[in-house]
Amino acid sequence: EHGQVLTNQNSKIPVVPWYPRNENDLKSLGLLMIVDEENNQDHPQFTDQQYRIRREDIAKISQQHIFGQTIPNIDYTEQEEATWKKIYQVLREKGKSLLSQRYLKNLQKIENALGFKYKIPQLSEIDAYLQAETGFRIKATHGILSQREFLNALAHRVFCCTQYIRHHQYPEYSPEPDLIHEILGHVPLFADKEIADLSQEIGILSSGAEQKDIKRLGTLYWSTLEFGACKENGQIKGYGAGIASSTGELDNFPIANYEKFDPFIHADRQYPTQIVQPTYLYSEDFDEVIQELIMFGKSLQKPFGLYYDFIEKELKATKII
Ligand code: TIH
Ligand code: FE2
């Protein structure tokens, strides 16, 4: 249990929940299967048996990927390629006026480099691109992970990323993360140096954190990098991955409620995960998001500080409080 203190040969070692410390520990990422009980049972993604079977096949391949080894390529079907092309075009069109310039610039760069317009990119290509841009790396995963696992991986600049695509009959909104969400939502953000650094900071805060703080960090991640907005020339624009990857969310965005983001207030809020967001939280600009999250991070109680050693690729403890 967090905060418990063991006495070991006259030195006091605080015991905290397990977290990956080094490259070797990362090999156990994504082994746990999470069953989401909040599933929206009406969505074709859950009711179409043929779709479920295909999704399971891809999930198995993704789950077998061991972090650090080559990411397996998926042989996408014509139907899957068609879903990608169709939704990609619509998202691109709708996103232009509603999404932040910062996100759009990063997307433009990668879509040209990898030819998003023509085919589904493989995670191995995304991984190489991100490594060169910001040092982020990918672990292919079957589906939703626990908040702890997803956040802990970020501390090592590792993005746990799905490889299957949403249902062709309802591409507007996926109730679970799929590759459209990951690639059009998260990847342009991880390709941005400052956002990559912020993501790693959140990951470091989550490492060894007690469950109530994991939940708060998960909620803040949701409020910002998943569904956050910020002002640009006086207008509120979306930058979160979940807005950018869903035409349902983009249609909802201009008619939804907005509230000024404050991590000290919003770390404990409730939010829906199976329907579009009723309220988006906005900041004055992206610097404000970073500053506020860092301030909030300093308020969390942990028995020791952690930093990432880029040479040894390892999380190291600083002071024991
Ligand atoms: N709802 C998003 C989409 O349709 O792209 C995907 C998700 C974001 C967060 C959880 S599921
Ligand atoms: Fe996401």
# chains A, B, ... in the order shown; residues from 1 in each chain; ligands from 1
call {"tool": "residues_near_ligand", "arguments": {"ligand": "ligand 1", "cutoff": "6 Å", "atoms": "only C-alpha atoms and all ligand atoms", "output": "PyMOL selection string"}}
result
chain A and resi 173-177+181+242+245-246
call {"tool": "residues_near_ligand", "arguments": {"ligand": "ligand 2", "cutoff": "10 Å", "atoms": "only C-alpha atoms and all ligand atoms", "output": "ChimeraX atom specification"}}
result
/A:144,150,160-162,176-179,181-183,185-187,221-222,225-227,240-243,245
call {"tool": "residues_around", "arguments": {"residues": "His142 of chain A", "least_positions_apart": "3", "cutoff": "12 Å", "atoms": "only C-alpha atoms", "output": "VMD selection string"}}
result
chain A and resid 29 to 35 55 to 65 139 145 160 to 165 176 to 179
call {"tool": "residues_around", "arguments": {"residues": "Glu292 of chain A", "least_positions_apart": "4", "cutoff": "8 Å", "atoms": "only C-alpha atoms", "output": "PyMOL selection string"}}
result
chain A and resi 262-263+288+296
call {"tool": "write_last_selection", "arguments": {"atoms": "all heavy atoms", "output": "short mmCIF file (atom, residue, chain, number, x, y, z; two decimals), in the first residue's frame"}}
result
data_model
loop_
_atom_site.label_atom_id
_atom_site.label_comp_id
_atom_site.auth_asym_id
_atom_site.auth_seq_id
_atom_site.Cartn_x
_atom_site.Cartn_y
_atom_site.Cartn_z
N ASP A 262 -9.63 24.13 -14.95
CA ASP A 262 -8.85 24.34 -13.73
C ASP A 262 -8.61 22.96 -13.11
O ASP A 262 -9.54 22.34 -12.60
CB ASP A 262 -9.63 25.24 -12.75
CG ASP A 262 -8.86 25.46 -11.46
OD1 ASP A 262 -7.91 24.68 -11.16
OD2 ASP A 262 -9.20 26.41 -10.73
N PRO A 263 -7.37 22.46 -13.18
CA PRO A 263 -7.13 21.09 -12.72
C PRO A 263 -7.52 20.87 -11.25
O PRO A 263 -7.92 19.76 -10.89
CB PRO A 263 -5.61 20.90 -12.91
CG PRO A 263 -5.05 22.26 -13.12
CD PRO A 263 -6.15 23.11 -13.68
N GLU A 288 -0.84 27.73 -20.90
CA GLU A 288 -1.60 27.70 -19.65
C GLU A 288 -1.91 26.26 -19.24
O GLU A 288 -1.85 25.92 -18.06
CB GLU A 288 -2.89 28.51 -19.83
CG GLU A 288 -3.60 28.79 -18.52
CD GLU A 288 -4.92 29.53 -18.73
OE1 GLU A 288 -5.92 28.86 -19.09
OE2 GLU A 288 -4.94 30.75 -18.56
N PHE A 296 -0.48 21.58 -10.62
CA PHE A 296 -1.29 20.53 -9.98
C PHE A 296 -0.41 19.35 -9.59
O PHE A 296 -0.53 18.82 -8.49
CB PHE A 296 -2.39 20.07 -10.93
CG PHE A 296 -3.22 18.95 -10.36
CD1 PHE A 296 -4.26 19.22 -9.49
CD2 PHE A 296 -2.93 17.62 -10.65
CE1 PHE A 296 -5.01 18.20 -8.93
CE2 PHE A 296 -3.67 16.58 -10.09
CZ PHE A 296 -4.71 16.89 -9.23
#
call {"tool": "atom_distance", "arguments": {"atom1": "atom CA of Gln169 of chain A", "atom2": "atom CA of Gln122 of chain A"}}
result
22.6 Å
call {"tool": "select_by_dssp", "arguments": {"residues": "segment 62-276 of chain A", "states": "helix (DSSP H, G or I)", "output": "MDAnalysis selection string"}}
result
chainID A and resid 62:64 78:98 101:114 123:134 147:154 179:190 193:206 211:226 241:244 247:255 263:266
call {"tool": "select_by_dssp", "arguments": {"residues": "segment 136-217 of chain A", "states": "strand (DSSP E)", "output": "PyMOL selection string"}}
result
chain A and resi 137-140+158-161
call {"tool": "residues_around", "arguments": {"residues": "Lys231 of chain A", "least_positions_apart": "6", "cutoff": "7 Å", "atoms": "only C-alpha atoms", "output": "PyMOL selection string"}}
result
chain A and resi 237+283-285
call {"tool": "atom_distance", "arguments": {"atom1": "atom CA of Leu99 of chain A", "atom2": "atom CA of Asn112 of chain A"}}
result
18.4 Å
call {"tool": "closest_residue", "arguments": {"among": "A:Leu306, A:Ile195, A:Ile236, A:Ile138", "to": "Val289 of chain A", "atoms": "only C-alpha atoms"}}
result
A:Ile195
call {"tool": "residues_around", "arguments": {"residues": "Gly208 of chain A", "least_positions_apart": "6", "cutoff": "6 Å", "atoms": "only C-alpha atoms", "output": "MDAnalysis selection string"}}
result
chainID A and resid 16:19
call {"tool": "closest_residue", "arguments": {"among": "A:Lys193, A:Arg166, A:Arg216, A:Arg21", "to": "Gln147 of chain A", "atoms": "only C-alpha atoms"}}
result
A:Arg216
call {"tool": "residues_around", "arguments": {"residues": "Tyr51 of chain A", "least_positions_apart": "6", "cutoff": "9 Å", "atoms": "only C-alpha atoms", "output": "ChimeraX atom specification"}}
result
/A:44-45,167
